[in-house]
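The structure file entry-v8.txt is reproduced below (compact mmCIF, C-alpha atoms).
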```
# COMPACT_ATOMS: atom_id res chain seq x y z
CA MET A 12 173.97 155.34 130.25
CA ILE A 13 175.73 158.55 131.25
CA LEU A 14 173.81 160.33 133.99
CA ALA A 15 174.64 163.72 135.52
CA PRO A 16 172.73 166.10 137.81
CA LEU A 17 171.36 169.20 136.11
CA ASP A 18 170.42 172.35 137.96
CA ARG A 19 166.82 173.35 137.28
CA SER A 20 167.95 176.80 136.24
CA ARG A 21 169.83 175.20 133.33
CA VAL A 22 167.07 172.90 132.05
CA GLY A 23 165.90 175.46 129.49
CA ALA A 24 169.42 176.06 128.19
CA MET A 25 170.01 172.32 127.93
CA ARG A 26 166.82 171.75 125.96
CA GLU A 27 167.67 174.64 123.61
CA LEU A 28 171.12 173.18 122.99
CA LEU A 29 169.76 169.66 122.39
CA ALA A 30 167.20 171.06 119.94
CA THR A 31 170.06 172.11 117.66
CA MET A 32 170.83 168.40 117.19
CA THR A 33 167.45 167.58 115.65
CA SER A 34 166.00 167.72 112.15
CA GLN A 35 162.42 167.15 113.38
CA PRO A 36 161.01 167.45 116.90
CA GLY A 37 162.97 164.97 118.98
CA VAL A 38 164.51 163.23 115.93
CA ALA A 39 168.28 163.50 115.61
CA ASN A 40 170.03 164.92 112.60
CA PRO A 41 172.68 162.19 112.05
CA GLU A 42 175.16 164.83 110.88
CA ASN A 43 174.51 167.35 113.66
CA ALA A 44 177.49 169.38 114.84
CA LEU A 45 177.47 168.29 118.48
CA VAL A 46 177.27 164.49 118.29
CA PRO A 47 177.45 163.36 114.64
CA PHE A 48 175.81 159.96 115.12
CA ALA A 49 176.42 158.94 111.49
CA ARG A 50 180.12 158.57 112.27
CA PHE A 51 179.43 155.81 114.81
CA GLU A 52 179.24 152.64 112.75
CA ASN A 53 178.45 150.49 115.79
CA LEU A 54 175.60 152.59 117.23
CA HIS A 55 172.06 151.17 116.96
CA PHE A 56 170.12 153.74 119.00
CA ALA A 57 170.94 156.81 121.08
CA ARG A 58 168.94 159.34 123.06
CA LEU A 59 169.74 162.47 124.99
CA LEU A 60 167.13 163.84 127.33
CA VAL A 61 166.40 165.72 130.51
CA LEU A 62 165.02 163.48 133.25
CA ASP A 63 162.62 165.88 134.93
CA ASP A 64 159.98 163.81 136.72
CA GLN A 65 156.72 165.78 136.97
CA THR A 66 155.17 163.35 139.49
CA THR A 67 157.56 163.77 142.42
CA GLY A 68 154.76 165.11 144.63
CA ASP A 69 152.73 161.90 144.35
CA ILE A 70 154.56 160.14 147.19
CA GLU A 71 153.56 162.88 149.65
CA LEU A 72 150.07 163.29 148.20
CA LEU A 73 149.25 159.57 148.35
CA TYR A 74 151.37 158.26 151.23
CA GLY A 75 152.02 161.36 153.33
CA ILE A 76 155.78 160.80 153.03
CA HIS A 77 157.87 163.89 152.54
CA ARG A 78 161.04 163.30 150.55
CA PRO A 79 163.62 165.94 149.65
CA GLU A 80 163.21 167.37 146.17
CA PRO A 81 164.94 164.85 143.90
CA PRO A 82 167.50 166.03 141.36
CA VAL A 83 166.88 166.64 137.70
CA TYR A 84 169.27 164.67 135.51
CA PHE A 85 170.72 164.83 132.03
CA ALA A 86 170.97 161.38 130.45
CA PHE A 87 172.80 160.09 127.40
CA LEU A 88 171.85 156.54 126.43
CA GLY A 89 173.35 154.41 123.69
CA ASP A 90 172.73 150.89 122.39
CA PHE A 91 175.89 149.83 120.58
CA ASP A 92 178.11 146.95 119.52
CA GLY A 93 181.24 146.27 121.53
CA SER A 94 182.31 147.30 125.00
CA TYR A 95 181.13 150.31 126.96
CA HIS A 96 184.62 151.77 127.37
CA ASP A 97 185.45 151.35 123.69
CA PHE A 98 182.31 153.30 122.88
CA LEU A 99 183.31 156.08 125.28
CA ARG A 100 186.61 156.34 123.43
CA LEU A 101 184.72 156.69 120.15
CA LEU A 102 182.64 159.46 121.69
CA VAL A 103 185.79 161.32 122.62
CA LYS A 104 187.23 160.75 119.14
CA HIS A 105 184.21 161.89 117.13
CA ALA A 106 182.31 164.26 119.41
CA GLU A 107 184.51 165.71 122.15
CA PRO A 108 183.86 169.43 121.45
CA GLY A 109 180.10 168.92 121.23
CA LEU A 110 179.94 166.73 124.32
CA ARG A 111 181.91 169.28 126.30
CA ARG A 112 179.34 171.93 125.36
CA ILE A 113 176.53 169.64 126.50
CA PHE A 114 178.16 168.44 129.72
CA SER A 115 179.25 171.98 130.65
CA LEU A 116 175.63 172.58 131.65
CA CYS A 117 175.71 169.64 134.08
CA ASP A 118 176.72 169.92 137.73
CA GLY A 119 180.33 169.07 138.49
CA PHE A 120 181.72 169.15 134.96
CA SER A 121 185.14 170.75 134.65
CA PRO A 122 186.03 172.27 131.25
CA ASP A 123 189.66 171.30 131.80
CA GLY A 124 188.95 167.75 132.97
CA ASP A 125 189.46 164.54 131.03
CA LEU A 126 186.23 163.83 129.13
CA TYR A 127 186.62 160.05 129.04
CA THR A 128 187.24 159.87 132.80
CA TRP A 129 184.24 162.10 133.54
CA MET A 130 181.88 160.04 131.38
CA ALA A 131 183.14 156.77 132.86
CA ALA A 132 182.61 158.13 136.38
CA HIS A 133 179.01 159.06 135.53
CA GLU A 134 178.01 155.67 134.16
CA GLN A 135 174.64 154.52 135.52
CA ARG A 136 174.21 150.80 135.03
CA PRO A 137 170.72 149.43 134.42
CA GLY A 138 169.06 147.00 136.79
CA ALA A 139 167.95 145.07 133.70
CA TYR A 140 168.66 145.33 129.98
CA TYR A 141 167.10 143.68 126.92
CA PHE A 142 168.33 143.60 123.33
CA ASN A 143 166.19 142.06 120.61
CA TRP A 144 168.82 139.90 118.91
CA VAL A 145 172.10 139.54 120.76
CA GLY A 146 175.01 139.48 118.32
CA ARG A 147 173.32 141.29 115.41
CA THR A 148 175.52 144.29 114.64
CA VAL A 149 174.78 147.58 112.92
CA GLN A 150 177.06 146.52 110.08
CA GLN A 151 175.10 143.30 109.67
CA THR A 152 171.72 145.06 109.57
CA ARG A 153 172.92 147.47 106.89
CA GLU A 154 174.57 144.83 104.74
CA GLU A 155 171.56 142.52 104.91
CA GLU A 156 169.12 145.29 103.99
CA LYS A 157 171.28 146.21 101.00
CA LEU A 158 171.43 142.52 100.02
CA ARG A 159 167.65 142.25 99.99
CA TRP A 160 167.16 145.32 97.81
CA GLN A 161 169.83 144.25 95.32
CA MET A 162 168.25 140.82 94.98
CA LEU A 163 164.79 142.32 94.47
CA ALA A 164 166.18 144.63 91.79
CA PHE A 165 167.83 141.66 90.07
CA VAL A 166 164.56 139.71 90.04
CA GLU A 167 162.69 142.68 88.57
CA GLN A 168 165.35 143.22 85.89
CA THR A 169 165.60 139.54 84.88
CA PRO A 170 162.70 138.57 82.56
CA GLY A 171 160.98 135.33 83.52
CA LEU A 172 162.96 134.76 86.72
CA ALA A 173 159.96 135.35 88.98
CA ASP A 174 158.05 132.63 87.09
CA GLN A 175 160.66 129.95 87.74
CA SER A 176 160.54 127.43 90.58
CA PRO A 177 161.68 128.58 94.05
CA ARG A 178 164.80 126.40 93.85
CA GLU A 179 165.75 127.92 90.48
CA ILE A 180 165.22 131.42 91.87
CA HIS A 181 167.42 130.56 94.86
CA GLU A 182 170.16 129.22 92.59
CA ALA A 183 170.00 132.27 90.32
CA LEU A 184 170.19 134.68 93.26
CA ARG A 185 173.12 132.80 94.75
CA GLY A 186 174.98 133.19 91.47
CA PHE A 187 174.05 136.86 91.25
CA THR A 188 175.22 137.69 94.78
CA GLN A 189 178.49 135.82 94.32
CA LYS A 190 179.22 137.91 91.24
CA GLU A 191 178.27 141.12 93.07
CA LYS A 192 180.57 140.24 95.96
CA ALA A 193 183.41 139.40 93.59
CA ALA A 194 182.94 142.77 91.86
CA GLY A 195 182.98 144.60 95.20
CA ARG A 196 179.43 145.92 94.81
CA LEU A 197 178.08 143.81 97.69
CA GLN A 198 179.63 143.05 101.03
CA LEU A 199 178.51 140.38 103.49
CA THR A 200 180.94 140.47 106.37
CA PRO A 201 181.29 137.14 108.21
CA PRO A 202 180.24 137.30 111.86
CA ALA A 203 183.09 138.13 114.23
CA PRO A 204 184.17 135.33 116.57
CA THR A 205 182.18 135.29 119.80
CA PRO A 206 184.38 136.67 122.62
CA ILE A 207 185.43 133.95 125.03
CA ALA A 208 184.44 136.08 128.03
CA TRP A 209 180.92 136.44 126.65
CA SER A 210 180.62 132.69 126.04
CA VAL A 211 181.75 131.94 129.59
CA ARG A 212 179.31 134.42 131.07
CA HIS A 213 176.51 133.07 128.88
CA PHE A 214 177.21 129.55 130.13
CA PHE A 215 177.08 130.67 133.75
CA ASP A 216 173.87 132.65 133.07
CA TRP A 217 172.17 129.47 131.88
CA ALA A 218 173.64 127.47 134.75
CA LEU A 219 172.36 130.03 137.24
CA LEU A 220 168.89 130.00 135.68
CA VAL A 221 168.70 126.20 135.87
CA LEU A 222 170.00 126.17 139.46
CA LEU A 223 167.47 128.78 140.53
CA ILE A 224 164.59 126.78 139.06
CA ILE A 225 165.76 123.51 140.61
CA GLY A 226 166.59 125.22 143.90
CA GLY A 227 163.19 126.87 144.03
CA VAL A 228 161.44 123.54 143.60
CA VAL A 229 163.67 121.62 146.03
CA THR A 230 163.46 124.21 148.81
CA LEU A 231 159.72 124.82 148.45
CA PRO A 232 158.81 122.74 151.55
CA VAL A 233 161.03 125.06 153.60
CA THR A 234 160.17 128.34 151.90
CA LEU A 235 156.43 127.78 151.46
CA ILE A 236 155.33 129.25 154.79
CA PRO A 237 157.59 132.35 154.55
CA LEU A 238 156.37 132.89 150.99
CA LEU A 239 152.74 132.66 152.11
CA LEU A 240 153.42 135.22 154.85
CA LEU A 241 155.03 137.55 152.33
CA ALA A 242 152.07 137.07 149.98
CA TRP A 243 149.67 137.91 152.83
CA ARG A 244 151.67 141.05 153.62
CA LEU A 245 151.73 142.04 149.95
CA ARG A 246 147.99 141.51 149.65
CA HIS A 247 147.44 143.83 152.61
CA LEU A 248 149.57 146.50 150.92
CA GLU A 249 147.67 146.05 147.65
CA ASN A 250 144.36 146.59 149.44
CA THR A 251 145.56 149.79 151.07
CA ASP A 252 147.59 151.29 148.21
CA PRO A 253 146.13 154.53 146.89
CA GLU A 254 145.51 154.68 143.15
CA TYR A 255 145.91 157.91 141.22
CA ALA A 256 145.17 157.98 137.51
CA PRO A 257 143.97 161.38 136.29
CA ARG A 258 143.80 162.02 132.56
CA ALA A 259 146.74 163.86 131.01
CA ASP A 260 145.43 164.80 127.57
CA GLU A 261 147.54 167.94 127.22
CA HIS A 262 150.70 166.00 128.06
CA SER A 263 149.72 163.35 125.51
CA SER A 264 149.48 166.01 122.80
CA LEU A 265 152.97 167.29 123.63
CA LEU A 266 154.43 163.79 123.45
CA ALA A 267 152.65 163.07 120.18
CA ILE A 268 154.66 165.80 118.45
CA GLN A 269 157.75 163.59 118.74
CA GLU A 270 156.07 160.29 117.91
CA ASP A 271 155.32 158.31 114.74
CA ARG A 272 158.04 159.98 112.68
CA ASP A 273 159.12 156.48 111.67
CA VAL A 274 157.95 152.87 112.01
CA THR A 275 159.92 152.76 115.27
CA ASN A 276 159.34 155.01 118.28
CA GLN A 277 161.14 155.85 121.51
CA PHE A 278 159.63 155.59 124.99
CA SER A 279 160.79 156.99 128.34
CA VAL A 280 159.00 156.86 131.70
CA MET A 281 160.13 157.83 135.17
CA GLY A 282 158.53 157.80 138.61
CA GLY A 283 158.83 157.17 142.32
CA LEU A 284 158.69 153.76 143.98
CA LYS A 285 156.34 152.82 146.78
CA PRO A 286 157.80 152.85 150.30
CA GLY A 287 158.66 149.77 152.32
CA TRP A 288 161.12 146.89 152.31
CA LEU A 289 158.77 144.46 150.55
CA ARG A 290 158.26 146.68 147.50
CA ALA A 291 162.00 147.35 147.39
CA GLY A 292 162.66 143.62 147.46
CA ILE A 293 160.17 143.00 144.66
CA VAL A 294 161.93 145.59 142.49
CA VAL A 295 165.36 144.04 143.08
CA LEU A 296 164.13 140.50 142.46
CA SER A 297 162.02 141.33 139.40
CA LEU A 298 164.85 143.23 137.70
CA PHE A 299 167.25 140.39 138.45
CA ILE A 300 164.87 137.91 136.80
CA VAL A 301 164.26 140.18 133.78
CA ASN A 302 167.98 140.72 133.30
CA LEU A 303 168.81 137.02 133.60
CA THR A 304 166.06 135.83 131.26
CA ALA A 305 166.90 138.58 128.73
CA ARG A 306 170.42 137.12 128.53
CA THR A 307 169.20 133.54 128.20
CA LEU A 308 165.60 132.81 127.25
CA PHE A 309 164.86 136.03 125.39
CA SER A 310 167.98 136.88 123.37
CA ARG A 311 166.58 135.92 119.95
CA GLY A 312 163.86 138.26 118.77
CA ARG A 313 161.34 138.45 121.58
CA LEU A 314 160.80 139.61 125.15
CA ALA A 315 158.36 137.00 126.44
CA ARG A 316 155.56 137.23 123.81
CA ILE A 317 156.51 140.71 122.57
CA TYR A 318 158.38 140.82 119.24
CA THR A 319 158.31 144.56 118.57
CA ILE A 320 160.90 145.83 121.07
CA HIS A 321 164.40 146.54 119.80
CA CYS A 322 165.90 147.22 123.22
CA ALA A 323 164.85 148.26 126.71
CA ARG A 324 166.45 149.16 130.03
CA TRP A 325 165.25 149.52 133.62
CA VAL A 326 167.39 151.90 135.72
CA PRO A 327 166.89 152.35 139.50
CA LEU A 328 167.78 155.85 140.67
CA ASP A 329 168.34 157.75 143.91
CA ASN A 330 168.92 154.76 146.21
CA ARG A 331 166.10 152.86 144.54
CA THR A 332 163.47 155.45 145.40
CA ARG A 333 162.81 156.13 141.69
CA MET A 334 162.95 154.20 138.43
CA TYR A 335 163.64 155.15 134.83
CA PHE A 336 162.56 152.89 131.95
CA SER A 337 163.32 153.36 128.26
CA SER A 338 162.63 151.35 125.13
CA ASN A 339 162.70 151.50 121.34
CA TYR A 340 159.66 149.81 119.83
CA ASP A 341 157.80 149.35 116.55
CA GLY A 342 154.34 150.80 115.97
CA SER A 343 152.37 153.47 117.78
CA ARG A 344 152.33 154.19 121.50
CA GLU A 345 148.77 152.86 121.69
CA SER A 346 149.64 149.57 119.97
CA TYR A 347 152.75 149.23 122.16
CA ASN A 348 150.70 149.56 125.34
CA ASP A 349 148.00 147.21 124.02
CA ASP A 350 150.62 144.61 123.11
CA PHE A 351 151.84 144.47 126.69
CA ILE A 352 148.41 144.61 128.25
CA ASN A 353 147.04 141.80 126.10
CA LYS A 354 150.08 139.51 126.15
CA VAL A 355 152.14 140.04 129.29
CA ALA A 356 150.08 142.10 131.73
CA PHE A 357 151.39 139.94 134.59
CA GLY A 358 154.95 140.94 133.63
CA LEU A 359 154.03 144.61 133.74
CA ASN A 360 152.54 144.07 137.19
CA VAL A 361 155.66 142.34 138.50
CA THR A 362 158.11 144.96 137.22
CA PHE A 363 156.07 148.16 137.55
CA SER A 364 153.45 147.67 140.28
CA SER A 365 155.93 148.93 142.89
CA GLY A 366 155.63 152.32 141.23
CA VAL A 367 153.64 155.02 142.99
CA SER A 368 150.03 155.32 141.71
CA TYR A 369 150.11 152.04 139.74
CA PRO A 370 146.60 150.50 139.34
CA HIS A 371 145.61 148.00 142.03
CA THR A 372 147.02 144.50 141.60
CA GLU A 373 145.93 141.25 143.23
CA TRP A 374 148.61 138.83 144.41
CA LEU A 375 151.10 140.82 142.32
CA LEU A 376 150.23 139.07 139.03
CA LEU A 377 146.52 139.82 138.58
CA LYS A 378 144.56 142.96 137.59
CA GLY A 379 146.88 146.02 137.58
CA ALA A 380 147.64 146.60 133.89
CA LYS A 381 144.42 144.79 132.97
CA ASN A 382 142.67 147.92 134.23
CA GLU A 383 143.51 149.29 130.80
CA GLN A 384 142.45 152.93 131.00
CA ALA A 385 143.84 153.51 134.49
CA PHE A 386 147.12 151.88 133.46
CA LYS A 387 147.42 154.04 130.34
CA HIS A 388 146.62 157.22 132.28
CA VAL A 389 149.27 156.40 134.91
CA LEU A 390 151.86 155.55 132.27
CA LEU A 391 151.14 158.72 130.34
CA ARG A 392 151.63 160.93 133.42
CA HIS A 393 155.07 159.40 133.93
CA GLN A 394 156.20 159.53 130.30
CA LEU A 395 158.99 161.95 129.44
CA PRO A 396 159.74 163.68 126.14
CA THR A 397 162.98 162.58 124.51
CA ASP A 398 164.92 165.62 123.40
CA VAL A 399 167.15 163.82 120.86
CA TRP A 400 166.60 160.30 119.49
CA TYR A 401 168.76 158.51 116.92
CA ASN A 402 167.87 155.29 115.08
CA ALA A 403 170.58 153.78 112.86
CA HIS A 404 168.17 151.60 110.90
CA ALA A 405 165.23 153.90 110.29
CA GLY A 406 162.37 152.33 108.36
CA LEU A 407 163.16 148.81 109.54
CA THR A 408 161.14 147.04 112.18
CA ALA A 409 162.45 144.24 114.39
CA HIS A 410 160.52 141.87 112.10
CA ASP A 411 162.30 143.33 109.05
CA LEU A 412 165.70 142.82 110.65
CA GLU A 413 164.93 139.19 111.45
CA ARG A 414 163.54 138.63 107.94
CA ASN A 415 166.71 140.02 106.37
CA SER A 416 168.86 137.74 108.50
CA ARG A 417 166.80 134.74 107.43
CA ILE A 418 167.18 135.76 103.77
CA ARG A 419 170.94 135.87 104.14
CA GLU A 420 171.00 132.59 106.04
CA GLY A 421 169.04 130.86 103.28
CA LEU A 422 171.14 132.43 100.57
CA GLU A 423 174.35 131.10 102.10
CA LYS A 424 173.07 127.51 101.87
CA SER A 425 174.24 125.80 98.69
CA SER A 426 170.95 123.95 98.24
CA LEU A 427 167.44 123.98 99.67
CA SER A 428 164.57 121.56 99.53
CA GLU A 429 161.55 122.63 97.47
CA ARG A 430 159.67 123.63 100.60
CA GLU A 431 162.66 125.45 102.12
CA ALA A 432 163.18 127.31 98.83
CA SER A 433 159.50 128.25 98.68
CA ASP A 434 159.57 129.64 102.22
CA TRP A 435 162.81 131.49 101.47
CA VAL A 436 161.48 133.12 98.28
CA ALA A 437 158.39 134.23 100.23
CA LEU A 438 160.69 136.25 102.50
CA LEU A 439 161.64 138.42 99.53
```
Mind turning the file's structure into structure tokens?
Amino acid sequence: MILAPLDRSRVGAMRELLATMTSQPGVANPENALVPFARFENLHFARLLVLDDQTTGDIELLYGIHRPEPPVYFAFLGDFDGSYHDFLRLLVKHAEPGLRRIFSLCDGFSPDGDLYTWMAAHEQRPGAYYFNWVGRTVQQTREEEKLRWQMLAFVEQTPGLADQSPREIHEALRGFTQKEKAAGRLQLTPPAPTPIAWSVRHFFDWALLVLLIIGGVVTLPVTLIPLLLLAWRLRHLENTDPEYAPRADEHSSLLAIQEDRDVTNQFSVMGGLKPGWLRAGIVVLSLFIVNLTARTLFSRGRLARIYTIHCARWVPLDNRTRMYFSSNYDGSRESYNDDFINKVAFGLNVTFSSGVSYPHTEWLLLKGAKNEQAFKHVLLRHQLPTDVWYNAHAGLTAHDLERNSRIREGLEKSSLSEREASDWVALL
């Protein structure tokens, strides 16, 4: 995530410039002149937006705390294959003139400066990051979608094939795809070797998770009383926290203009964090846990019980006095919120209840997001429009991507049992 301060007097000019990159409200034209996203073969999602929090006055209104006016930011987010610095080099290669036009509106950008160095210096690392299926590349998603459609076309064009047994269909499709690959009409690139550095880090992530669980259990006799005191303090704060959840129907209508242009949507929220060391500690700890479990427990198609999120990031800002959250998800905004409320409301409470105006929780885990209407009103007030949003696999949900990978996996097996073949054919 590239983050740079933006003077309020230039917000309008920035939004006008970003609008030239879109083909529909908020939806990127992949061939736009500034950042031609179609040239980036390793880019899953990207968004460019102005982070202009409209709720900065809540902290003074609700807590009587006066904070200096926080900055407005310009943000460029990308979800890509490979390393961060390699991606920056690709940005310079394919989009330097356009990026210079965009960044020239940001504070501190020098027209004569080195673009790569400036972008690297303005990197804002997330406190936590989630990706739906670690290791699945853009190239893989495109090849596997093409594979599925070519196999379906072959079945439709081959009389009687659909009436054969699942194992016969599997054998016929294996023969067909082998011929297509030999003729150069179909490509299924083998997965690249897993980098050793990633494997080592993954091992230590799992080791750390296991040690934390064991350590938590072993030290409980010592930590129990301090934890109870912290819980009592938190409960006192929960009882005295002000709640502020006015309706924001007009804002909802503005956001809706950019939504539901595809089966996948973008989501951005931003807001202030409640004062005090305990809330700050909860934010740090919760993001650490989310980040660790996203790299271990939840790296294969789901975030807890949620299967519809492609990627998400939590980014603390301004010395952890504010937070920015973004995600790419399948379905409508309403279904997205309902999914979380019904399945992992406790997780929402842990990660977001330290936000100003969040609905009252009990013992951190209870209530909060379960107060459905108040939660949705609060979330809506903090949601930001995304000026430019790019999706490399439009029309494909996270479920579709997993299905396509399972089709390929089954196809690459030389033989299947009758039941395995039946399940595999059903995927088509």
Fill in: Selected residue of minimal separation from Pro206 (chain A) among A:Asn330, A:Ser94, A:Ser428, A:Ser34, counting all atoms listed in the file
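Between A:Asn330, A:Ser94, A:Ser428, A:Ser34, the residue approaching Pro206 (chain A) most closely is A:Ser94.
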Centre and edge lengths of an axis-aligned box around all listed atoms of region 36-51 of chain A, with 5 Å added on each side, are to be given in Å to one decimal, as AutoDock Vina command-line options.
```
--center_x 170.6 --center_y 162.6 --center_z 114.9 --size_x 29.1 --size_y 23.6 --size_z 18.1
```
Between CA of Thr128 (chain A) and CA of Tyr84 (chain A) lies a distance of 18.8 Å
Excluding region 171-175 of chain A and residues on its chain fewer than 2 positions from it, collect all residues at most 12 Å away from it, counting only C-alpha atoms, and give them as a PyMOL selection string. chain A and resi 162-169+177-184+432-433+436-437+439
Export of prior selection with C-alpha atoms as a CSV table (one decimal), in the coordinates of the input:
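This went into result-v4.csv:
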```csv
chain,number,residue,atom,x,y,z
A,162,MET,CA,168.2,140.8,95.0
A,163,LEU,CA,164.8,142.3,94.5
A,164,ALA,CA,166.2,144.6,91.8
A,165,PHE,CA,167.8,141.7,90.1
A,166,VAL,CA,164.6,139.7,90.0
A,167,GLU,CA,162.7,142.7,88.6
A,168,GLN,CA,165.4,143.2,85.9
A,169,THR,CA,165.6,139.5,84.9
A,177,PRO,CA,161.7,128.6,94.0
A,178,ARG,CA,164.8,126.4,93.8
A,179,GLU,CA,165.8,127.9,90.5
A,180,ILE,CA,165.2,131.4,91.9
A,181,HIS,CA,167.4,130.6,94.9
A,182,GLU,CA,170.2,129.2,92.6
A,183,ALA,CA,170.0,132.3,90.3
A,184,LEU,CA,170.2,134.7,93.3
A,432,ALA,CA,163.2,127.3,98.8
A,433,SER,CA,159.5,128.2,98.7
A,436,VAL,CA,161.5,133.1,98.3
A,437,ALA,CA,158.4,134.2,100.2
A,439,LEU,CA,161.6,138.4,99.5
```
Of A:Arg272, A:Ala132, A:Pro253, A:Lys381, the one sitting nearest Gly75 (chain A) when using only C-alpha atoms is A:Pro253
One residue among A:His77, A:Thr152, A:Gln35, A:Ala24 is nearest to Ser115 (chain A) when using only C-alpha atoms, and that residue is A:Ala24
Give one line per residue of region 20-97 of chain A that approaches region 396-402 of chain A to at most 7 Å, naming the two atoms of the closest pair and their distance in Å to one decimal, counting only C-alpha atoms; sort by chain then ascending residue number and deliver it as JSON lines.
```
{"residue": "A:Arg26", "atom": "CA", "partner": "A:Asp398", "partner_atom": "CA", "distance": 6.9}
{"residue": "A:Leu29", "atom": "CA", "partner": "A:Asp398", "partner_atom": "CA", "distance": 6.4}
{"residue": "A:Ala30", "atom": "CA", "partner": "A:Asp398", "partner_atom": "CA", "distance": 6.8}
{"residue": "A:Met32", "atom": "CA", "partner": "A:Val399", "partner_atom": "CA", "distance": 6.9}
{"residue": "A:Thr33", "atom": "CA", "partner": "A:Val399", "partner_atom": "CA", "distance": 6.4}
{"residue": "A:Gly37", "atom": "CA", "partner": "A:Val399", "partner_atom": "CA", "distance": 4.7}
{"residue": "A:Val38", "atom": "CA", "partner": "A:Trp400", "partner_atom": "CA", "distance": 5.1}
{"residue": "A:Ala39", "atom": "CA", "partner": "A:Tyr401", "partner_atom": "CA", "distance": 5.2}
{"residue": "A:His55", "atom": "CA", "partner": "A:Asn402", "partner_atom": "CA", "distance": 6.2}
{"residue": "A:Phe56", "atom": "CA", "partner": "A:Asn402", "partner_atom": "CA", "distance": 4.8}
{"residue": "A:Ala57", "atom": "CA", "partner": "A:Tyr401", "partner_atom": "CA", "distance": 5.0}
{"residue": "A:Arg58", "atom": "CA", "partner": "A:Trp400", "partner_atom": "CA", "distance": 4.4}
{"residue": "A:Leu59", "atom": "CA", "partner": "A:Val399", "partner_atom": "CA", "distance": 5.1}
{"residue": "A:Leu60", "atom": "CA", "partner": "A:Asp398", "partner_atom": "CA", "distance": 4.8}
```
query: From the list A:Gly358, A:Pro257, A:Gly287, A:Gly379, which residue is nearest Tyr74 (chain A) when using only C-alpha atoms?
result: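 Going through A:Gly358, A:Pro257, A:Gly287, A:Gly379 one by one, the smallest distance to Tyr74 (chain A) is for A:Gly287.
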What is the CA of Arg19 (chain A)-CA of Leu116 (chain A) distance in Å, reported with one decimal?
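CA of Arg19 (chain A) sits 10.5 Å away from CA of Leu116 (chain A).
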File output, region 267-279 of chain A (N, CA and C atoms) as an mmCIF file, in the first residue's frame:
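In the end it all went to part.cif:
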```cif
data_model
loop_
_atom_site.group_PDB
_atom_site.id
_atom_site.type_symbol
_atom_site.label_atom_id
_atom_site.label_comp_id
_atom_site.auth_asym_id
_atom_site.auth_seq_id
_atom_site.Cartn_x
_atom_site.Cartn_y
_atom_site.Cartn_z
ATOM 1 N N ALA A 267 -23.684 3.212 -3.422
ATOM 2 C CA ALA A 267 -24.344 2.207 -4.255
ATOM 3 C C ALA A 267 -24.061 2.411 -5.740
ATOM 4 N N ILE A 268 -23.737 3.635 -6.138
ATOM 5 C CA ILE A 268 -23.434 3.913 -7.540
ATOM 6 C C ILE A 268 -22.240 3.091 -8.010
ATOM 7 N N GLN A 269 -21.304 2.827 -7.095
ATOM 8 C CA GLN A 269 -20.084 2.099 -7.459
ATOM 9 C C GLN A 269 -20.203 0.597 -7.224
ATOM 10 N N GLU A 270 -21.282 0.142 -6.639
ATOM 11 C CA GLU A 270 -21.376 -1.251 -6.207
ATOM 12 C C GLU A 270 -22.179 -2.109 -7.183
ATOM 13 N N ASP A 271 -21.966 -3.428 -7.041
ATOM 14 C CA ASP A 271 -22.728 -4.434 -7.798
ATOM 15 C C ASP A 271 -22.567 -4.284 -9.306
ATOM 16 N N ARG A 272 -21.400 -3.858 -9.737
ATOM 17 C CA ARG A 272 -21.077 -3.824 -11.168
ATOM 18 C C ARG A 272 -20.578 -5.186 -11.640
ATOM 19 N N ASP A 273 -20.328 -6.076 -10.665
ATOM 20 C CA ASP A 273 -19.800 -7.397 -10.956
ATOM 21 C C ASP A 273 -20.217 -8.301 -9.795
ATOM 22 N N VAL A 274 -19.877 -9.586 -9.878
ATOM 23 C CA VAL A 274 -20.204 -10.497 -8.774
ATOM 24 C C VAL A 274 -19.347 -10.205 -7.552
ATOM 25 N N THR A 275 -18.245 -9.487 -7.755
ATOM 26 C CA THR A 275 -17.341 -9.119 -6.662
ATOM 27 C C THR A 275 -17.412 -7.610 -6.455
ATOM 28 N N ASN A 276 -17.294 -7.193 -5.205
ATOM 29 C CA ASN A 276 -17.330 -5.778 -4.855
ATOM 30 C C ASN A 276 -16.102 -5.403 -4.042
ATOM 31 N N GLN A 277 -15.850 -4.096 -3.961
ATOM 32 C CA GLN A 277 -14.789 -3.563 -3.110
ATOM 33 C C GLN A 277 -15.400 -2.925 -1.870
ATOM 34 N N PHE A 278 -14.613 -2.826 -0.819
ATOM 35 C CA PHE A 278 -15.100 -2.278 0.451
ATOM 36 C C PHE A 278 -13.953 -1.533 1.125
ATOM 37 N N SER A 279 -14.209 -0.319 1.577
ATOM 38 C CA SER A 279 -13.214 0.477 2.298
ATOM 39 C C SER A 279 -13.898 1.208 3.454
#
```
